[in-house]
>>> print(open('target22.cif').read())   # mmCIF, C-alpha atoms
data_start
loop_
_atom_site.label_atom_id
_atom_site.label_comp_id
_atom_site.auth_asym_id
_atom_site.auth_seq_id
_atom_site.Cartn_x
_atom_site.Cartn_y
_atom_site.Cartn_z
CA MET A 44 -99.62 92.50 -45.27
CA GLY A 45 -97.02 89.73 -45.43
CA ASP A 46 -95.15 91.10 -42.40
CA LEU A 47 -98.36 91.37 -40.40
CA TYR A 48 -99.24 87.76 -41.29
CA ARG A 49 -95.81 86.57 -40.16
CA LYS A 50 -96.24 88.41 -36.84
CA ALA A 51 -99.74 86.98 -36.39
CA VAL A 52 -98.47 83.42 -36.97
CA LEU A 53 -95.68 83.95 -34.45
CA TRP A 54 -98.11 85.41 -31.91
CA GLU A 55 -100.49 82.48 -32.39
CA ARG A 56 -97.68 79.98 -31.76
CA LYS A 57 -96.71 81.81 -28.58
CA TRP A 58 -100.33 81.93 -27.45
CA ARG A 59 -100.78 78.17 -27.94
CA TRP A 60 -97.57 77.54 -25.96
CA TYR A 61 -98.02 79.93 -23.05
CA GLU A 62 -101.78 79.42 -22.74
CA ARG A 63 -101.75 75.67 -23.45
CA ASN A 64 -103.04 74.71 -19.98
CA ALA A 65 -106.16 76.80 -20.62
CA LEU A 66 -107.09 74.87 -23.78
CA PRO A 67 -110.18 72.80 -22.90
CA TRP A 68 -108.71 69.46 -24.00
CA ASN A 69 -105.46 70.05 -22.09
CA ARG A 70 -107.36 71.25 -19.04
CA ALA A 71 -109.42 68.04 -19.13
CA ARG A 72 -106.26 65.93 -19.35
CA ILE A 73 -104.74 67.69 -16.32
CA HIS A 74 -107.94 67.01 -14.36
CA TRP A 75 -107.78 63.36 -15.46
CA HIS A 76 -104.22 63.06 -14.14
CA ALA A 77 -105.30 64.63 -10.83
CA LEU A 78 -108.30 62.31 -10.57
CA GLN A 79 -106.09 59.24 -11.04
CA ARG A 80 -103.79 60.50 -8.26
CA GLU A 81 -106.64 61.50 -5.90
CA ALA A 82 -105.25 65.04 -6.00
CA PHE A 83 -106.83 68.32 -7.14
CA ILE A 84 -105.47 71.17 -9.24
CA ARG A 85 -107.41 74.44 -9.30
CA PHE A 86 -107.05 76.54 -12.44
CA PRO A 87 -105.32 78.51 -13.71
CA VAL A 88 -102.14 76.47 -13.42
CA GLN A 89 -98.98 77.54 -15.24
CA GLY A 90 -95.91 75.81 -16.61
CA ASN A 91 -95.33 72.50 -18.38
CA VAL A 92 -97.58 70.63 -15.95
CA LEU A 93 -99.38 68.44 -18.49
CA GLU A 94 -96.25 67.36 -20.34
CA CYS A 95 -94.54 66.41 -17.08
CA LEU A 96 -97.55 64.52 -15.75
CA ASP A 97 -97.66 62.66 -19.06
CA ASP A 98 -94.02 61.56 -18.99
CA GLY A 99 -93.62 61.08 -15.23
CA ARG A 100 -91.36 64.02 -14.47
CA LEU A 101 -94.05 65.41 -12.14
CA GLU A 102 -95.42 63.25 -9.32
CA ILE A 103 -98.27 64.47 -7.13
CA GLY A 104 -99.43 62.50 -4.10
CA ALA A 105 -102.97 61.70 -3.02
CA ASN A 106 -104.97 64.47 -1.32
CA THR A 107 -102.56 67.17 -2.44
CA LEU A 108 -104.13 70.48 -3.52
CA LEU A 109 -102.71 73.12 -5.86
CA GLU A 110 -104.54 76.42 -5.47
CA PRO A 111 -105.02 78.85 -8.42
CA GLY A 112 -101.97 80.46 -9.95
CA CYS A 113 -99.46 77.76 -9.02
CA TRP A 114 -96.61 77.50 -11.50
CA ILE A 115 -94.54 74.35 -12.02
CA THR A 116 -91.74 74.34 -14.58
CA ILE A 117 -89.53 71.28 -15.03
CA GLY A 118 -86.57 71.03 -17.38
CA GLU A 119 -85.75 68.08 -19.62
CA GLY A 120 -84.45 65.26 -17.45
CA ALA A 121 -85.51 67.01 -14.23
CA ARG A 122 -88.10 65.76 -11.75
CA VAL A 123 -90.48 67.21 -9.16
CA ARG A 124 -92.09 64.98 -6.54
CA ILE A 125 -94.82 66.37 -4.27
CA GLY A 126 -95.92 64.01 -1.50
CA GLU A 127 -99.33 63.15 -0.14
CA GLY A 128 -101.60 65.66 1.57
CA CYS A 129 -99.59 68.73 0.57
CA PHE A 130 -101.03 72.22 0.09
CA LEU A 131 -99.61 74.74 -2.38
CA ASN A 132 -101.41 78.03 -1.90
CA ILE A 133 -102.05 80.75 -4.48
CA GLY A 134 -99.06 81.70 -6.61
CA THR A 135 -96.61 79.07 -5.35
CA MET A 136 -93.90 78.24 -7.90
CA LEU A 137 -91.62 75.22 -8.27
CA ALA A 138 -88.80 75.43 -10.82
CA ALA A 139 -86.49 72.46 -11.42
CA ILE A 140 -83.59 71.72 -13.74
CA ASP A 141 -82.50 68.77 -11.59
CA SER A 142 -84.76 67.63 -8.75
CA ILE A 143 -87.19 68.99 -6.17
CA GLU A 144 -88.65 66.60 -3.59
CA ILE A 145 -91.35 67.62 -1.12
CA GLY A 146 -92.46 65.23 1.62
CA ASP A 147 -95.97 64.46 2.81
CA HIS A 148 -98.34 66.97 4.43
CA THR A 149 -96.15 69.99 3.74
CA MET A 150 -97.86 73.31 3.09
CA PHE A 151 -96.83 76.53 1.41
CA ALA A 152 -98.58 79.85 1.97
CA ASN A 153 -99.17 82.31 -0.88
CA HIS A 154 -96.38 83.18 -3.31
CA CYS A 155 -93.66 80.81 -2.14
CA PHE A 156 -90.85 79.88 -4.53
CA VAL A 157 -88.78 76.69 -4.54
CA GLY A 158 -86.02 76.43 -7.14
CA ASP A 159 -83.02 74.17 -7.60
CA SER A 160 -81.19 76.70 -9.81
CA ALA A 161 -80.54 80.37 -10.45
CA HIS A 162 -80.08 82.44 -13.58
CA ARG A 163 -76.50 83.02 -14.67
CA PHE A 164 -75.43 86.63 -15.04
CA ASP A 165 -71.62 86.46 -15.36
CA ASP A 166 -71.22 86.61 -19.17
CA PRO A 167 -70.96 90.27 -20.20
CA THR A 168 -71.21 89.37 -23.91
CA ARG A 169 -74.69 87.85 -23.77
CA PRO A 170 -78.11 89.07 -22.61
CA ILE A 171 -78.92 87.73 -19.15
CA THR A 172 -81.98 85.97 -20.58
CA TRP A 173 -79.69 83.81 -22.79
CA GLN A 174 -77.16 82.75 -20.18
CA GLY A 175 -78.89 79.67 -18.80
CA PHE A 176 -78.76 78.43 -15.24
CA THR A 177 -76.42 77.46 -12.46
CA SER A 178 -77.27 75.08 -9.61
CA LYS A 179 -75.88 73.93 -6.27
CA GLY A 180 -77.90 70.71 -6.49
CA PRO A 181 -81.34 69.28 -5.77
CA VAL A 182 -83.80 70.64 -3.20
CA ARG A 183 -85.26 68.27 -0.60
CA ILE A 184 -88.03 69.39 1.74
CA GLY A 185 -89.24 67.05 4.47
CA SER A 186 -92.71 66.09 5.61
CA ASN A 187 -95.05 68.13 7.83
CA CYS A 188 -93.36 71.47 7.09
CA TRP A 189 -95.07 74.85 6.99
CA PHE A 190 -93.74 77.74 4.90
CA GLY A 191 -95.15 81.20 5.57
CA VAL A 192 -96.10 83.66 2.85
CA ASN A 193 -93.42 84.71 0.31
CA CYS A 194 -90.78 82.15 1.34
CA VAL A 195 -87.94 81.23 -1.02
CA VAL A 196 -85.94 77.98 -0.99
CA THR A 197 -82.75 78.03 -3.07
CA SER A 198 -80.77 75.29 -4.79
CA GLY A 199 -78.86 72.60 -2.92
CA VAL A 200 -80.94 73.01 0.26
CA THR A 201 -82.37 70.26 2.45
CA VAL A 202 -85.12 71.16 4.94
CA GLY A 203 -85.83 68.54 7.60
CA ASP A 204 -89.17 67.14 8.73
CA ARG A 205 -91.60 69.21 10.84
CA CYS A 206 -90.02 72.61 10.25
CA VAL A 207 -91.80 75.98 10.32
CA ILE A 208 -90.35 78.72 8.12
CA GLY A 209 -91.39 82.31 8.87
CA ALA A 210 -92.94 84.61 6.28
CA ASN A 211 -90.60 86.35 3.80
CA SER A 212 -87.70 84.02 4.65
CA VAL A 213 -85.00 82.96 2.16
CA VAL A 214 -83.67 79.48 2.90
CA THR A 215 -80.11 79.24 1.56
CA SER A 216 -78.68 76.45 3.74
CA ASP A 217 -79.80 73.16 5.27
CA LEU A 218 -82.20 73.11 8.21
CA PRO A 219 -82.46 70.17 10.64
CA ASP A 220 -85.67 68.44 11.69
CA GLY A 221 -88.08 70.15 14.05
CA VAL A 222 -87.03 73.79 14.03
CA VAL A 223 -88.55 77.22 13.53
CA ALA A 224 -86.43 79.32 11.17
CA ALA A 225 -86.82 82.80 9.73
CA GLY A 226 -84.94 85.62 8.07
CA SER A 227 -82.96 86.35 4.92
CA PRO A 228 -80.97 84.19 4.98
CA ALA A 229 -83.09 82.00 7.22
CA LYS A 230 -81.60 81.08 10.59
CA VAL A 231 -82.84 78.66 13.22
CA ILE A 232 -84.74 80.59 15.91
CA LYS A 233 -85.62 77.66 18.14
CA GLU A 234 -86.32 73.97 18.26
CA ILE A 235 -90.00 73.03 18.30
CA GLU A 236 -91.23 71.70 21.61
CA PHE A 237 -93.57 68.90 20.61
CA ALA A 238 -96.53 68.09 22.83
CA LYS A 239 -96.46 64.86 24.81
CA PRO A 240 -99.02 62.22 23.75
CA GLU A 241 -100.96 62.64 26.98
CA ASP A 242 -101.34 66.38 26.33
CA LEU A 243 -102.86 65.97 22.87
CA PRO A 244 -106.64 66.22 22.37
CA ALA A 245 -108.49 62.95 21.96
CA ALA A 246 -109.20 61.90 18.38
CA GLY A 247 -112.76 62.28 17.13
#
>>> encode(input="target22.cif", output="structure tokens")
Amino acid sequence: MGDLYRKAVLWERKWRWYERNALPWNRARIHWHALQREAFIRFPVQGNVLECLDDGRLEIGANTLLEPGCWITIGEGARVRIGEGCFLNIGTMLAAIDSIEIGDHTMFANHCFVGDSAHRFDDPTRPITWQGFTSKGPVRIGSNCWFGVNCVVTSGVTVGDRCVIGANSVVTSDLPDGVVAAGSPAKVIKEIEFAKPEDLPAAG
């Protein structure tokens, strides 16, 4: 009976940690943070979102929307900044041990991943889950970008403003402003030809 009790206590601690965003009082606090920022977070949301909103490691701009299943995990001393008017679709994940910055009005389709680090795997004496992380530096994504479904952005990468990244692409190197890129690794396909002001539809 004693062993079963010990296991039950351990399970309960894990449940309270991994399911903490679903606890009604924590859920209410996340909504309160979103309200103050004029943003909206649809549940379920995963990761240490509440803790990082509380201590300022996570910044979310006005009119940004996180769809269900988004996962944001931020290490001690790391920061994630999401600009205004952004859209993170279902299952998008941001993982930072240093810094991830996303500009304004950038959108991610379903199941995108942005991470500023990777798991180490080079120590043969330790399980891979105990080896920690390696990083090439922060990730910076510009404003008005569009990432297709299942895109990955790796550490140390800067993506310029007004870029379009094709579905299933893996961005491993910097991309300049105003390009369409795709592939694994992603390569520039073409520069975007922006419409002239006189060719744009009238507002309203």
>>> residues_around(input="target22.cif", residues="Ala77 of chain A", least_positions_apart="4", cutoff="10 Å", atoms="all atoms listed in the file", output="MDAnalysis selection string")
chainID A and resid 71:73 81:84 96 103:108
>>> write_last_selection(input="target22.cif", atoms="C-alpha atoms", output="PDB file, keeping the file's coordinate frame")
ATOM      1  CA  ALA A  71    -109.420  68.040 -19.130  1.00  0.00           C
ATOM      2  CA  ARG A  72    -106.260  65.930 -19.350  1.00  0.00           C
ATOM      3  CA  ILE A  73    -104.740  67.690 -16.320  1.00  0.00           C
ATOM      4  CA  GLU A  81    -106.640  61.500  -5.900  1.00  0.00           C
ATOM      5  CA  ALA A  82    -105.250  65.040  -6.000  1.00  0.00           C
ATOM      6  CA  PHE A  83    -106.830  68.320  -7.140  1.00  0.00           C
ATOM      7  CA  ILE A  84    -105.470  71.170  -9.240  1.00  0.00           C
ATOM      8  CA  LEU A  96     -97.550  64.520 -15.750  1.00  0.00           C
ATOM      9  CA  ILE A 103     -98.270  64.470  -7.130  1.00  0.00           C
ATOM     10  CA  GLY A 104     -99.430  62.500  -4.100  1.00  0.00           C
ATOM     11  CA  ALA A 105    -102.970  61.700  -3.020  1.00  0.00           C
ATOM     12  CA  ASN A 106    -104.970  64.470  -1.320  1.00  0.00           C
ATOM     13  CA  THR A 107    -102.560  67.170  -2.440  1.00  0.00           C
ATOM     14  CA  LEU A 108    -104.130  70.480  -3.520  1.00  0.00           C
TER      15      LEU A 108
END
>>> closest_residue(input="target22.cif", among="A:Pro170, A:Gly199, A:Gly185, A:Gly191", to="Pro219 of chain A", atoms="all atoms listed in the file")
A:Gly185
>>> resolve_selection(input="target22.cif", expression="the PyMOL selection byres ((chain A and resi 150) around 7)", output="PyMOL selection string")
chain A and resi 129-131+148-149+151-152+188-190
>>> closest_residue(input="target22.cif", among="A:Gly120, A:Gly221, A:Gly146, A:Pro111", to="Gly134 of chain A", atoms="all atoms listed in the file")
A:Pro111
>>> resolve_selection(input="target22.cif", expression="the PyMOL selection byres ((chain A and resi 122) around 12)", output="PyMOL selection string")
chain A and resi 91-92+94-96+98-103+115-121+123-125+137-145+158-159+181-183
>>> axis_aligned_box(input="target22.cif", around="segment 199-213 of chain A", padding_each_side="6 Å", output="JSON")
{"center_x": -85.9, "center_y": 76.7, "center_z": 4.0, "size_x": 26.1, "size_y": 31.2, "size_z": 25.8}
>>> resolve_selection(input="target22.cif", expression="the PyMOL selection byres ((chain A and resi 156) around 7)", output="ChimeraX atom specification")
/A:135-137,154-155,157-158,194-196
>>> residues_near_point(input="target22.cif", point="(-104.2, 73.2, -22.1)", cutoff="12 Å", atoms="all atoms listed in the file", output="list of chain:residue names")
A:Trp58, A:Arg59, A:Trp60, A:Tyr61, A:Glu62, A:Arg63, A:Asn64, A:Ala65, A:Leu66, A:Pro67, A:Trp68, A:Asn69, A:Arg70, A:Ala71, A:Arg72, A:Ile73, A:His74, A:Phe86, A:Pro87, A:Val88, A:Gln89, A:Gly90, A:Asn91, A:Val92, A:Leu93, A:Glu94
>>> residues_around(input="target22.cif", residues="Leu218 of chain A", least_positions_apart="6", cutoff="12 Å", atoms="all atoms listed in the file", output="PDB file with C-alpha atoms, keeping the file's coordinate frame")
ATOM      1  CA  VAL A 182     -83.800  70.640  -3.200  1.00  0.00           C
ATOM      2  CA  ARG A 183     -85.260  68.270  -0.600  1.00  0.00           C
ATOM      3  CA  ILE A 184     -88.030  69.390   1.740  1.00  0.00           C
ATOM      4  CA  GLY A 185     -89.240  67.050   4.470  1.00  0.00           C
ATOM      5  CA  CYS A 188     -93.360  71.470   7.090  1.00  0.00           C
ATOM      6  CA  VAL A 196     -85.940  77.980  -0.990  1.00  0.00           C
ATOM      7  CA  GLY A 199     -78.860  72.600  -2.920  1.00  0.00           C
ATOM      8  CA  VAL A 200     -80.940  73.010   0.260  1.00  0.00           C
ATOM      9  CA  THR A 201     -82.370  70.260   2.450  1.00  0.00           C
ATOM     10  CA  VAL A 202     -85.120  71.160   4.940  1.00  0.00           C
ATOM     11  CA  GLY A 203     -85.830  68.540   7.600  1.00  0.00           C
ATOM     12  CA  ASP A 204     -89.170  67.140   8.730  1.00  0.00           C
ATOM     13  CA  ARG A 205     -91.600  69.210  10.840  1.00  0.00           C
ATOM     14  CA  CYS A 206     -90.020  72.610  10.250  1.00  0.00           C
ATOM     15  CA  VAL A 207     -91.800  75.980  10.320  1.00  0.00           C
ATOM     16  CA  ILE A 208     -90.350  78.720   8.120  1.00  0.00           C
ATOM     17  CA  ALA A 224     -86.430  79.320  11.170  1.00  0.00           C
ATOM     18  CA  ALA A 225     -86.820  82.800   9.730  1.00  0.00           C
ATOM     19  CA  PRO A 228     -80.970  84.190   4.980  1.00  0.00           C
ATOM     20  CA  ALA A 229     -83.090  82.000   7.220  1.00  0.00           C
ATOM     21  CA  LYS A 230     -81.600  81.080  10.590  1.00  0.00           C
ATOM     22  CA  VAL A 231     -82.840  78.660  13.220  1.00  0.00           C
ATOM     23  CA  ILE A 232     -84.740  80.590  15.910  1.00  0.00           C
ATOM     24  CA  LYS A 233     -85.620  77.660  18.140  1.00  0.00           C
ATOM     25  CA  GLU A 234     -86.320  73.970  18.260  1.00  0.00           C
TER      26      GLU A 234
END
>>> closest_residue(input="target22.cif", among="A:Arg56, A:Arg80, A:Ala161, A:Ala245", to="Glu127 of chain A", atoms="all atoms listed in the file")
A:Arg80
>>> closest_residue(input="target22.cif", among="A:Asn153, A:Thr168, A:Asn187, A:Gln174", to="Gly128 of chain A", atoms="all atoms listed in the file")
A:Asn187
>>> residues_around(input="target22.cif", residues="Thr172 of chain A", least_positions_apart="5", cutoff="12 Å", atoms="all atoms listed in the file", output="PyMOL selection string")
chain A and resi 161-167
>>> atom_distance(input="target22.cif", atom1="atom CA of Trp54 of chain A", atom2="atom CA of Ile171 of chain A")
23.2 Å
>>> atom_distance(input="target22.cif", atom1="atom CA of Asn211 of chain A", atom2="atom CA of Asn193 of chain A")
4.8 Å
>>> closest_residue(input="target22.cif", among="A:Glu236, A:Pro244, A:Val214, A:Gly126", to="Ser186 of chain A", atoms="all atoms listed in the file")
A:Gly126
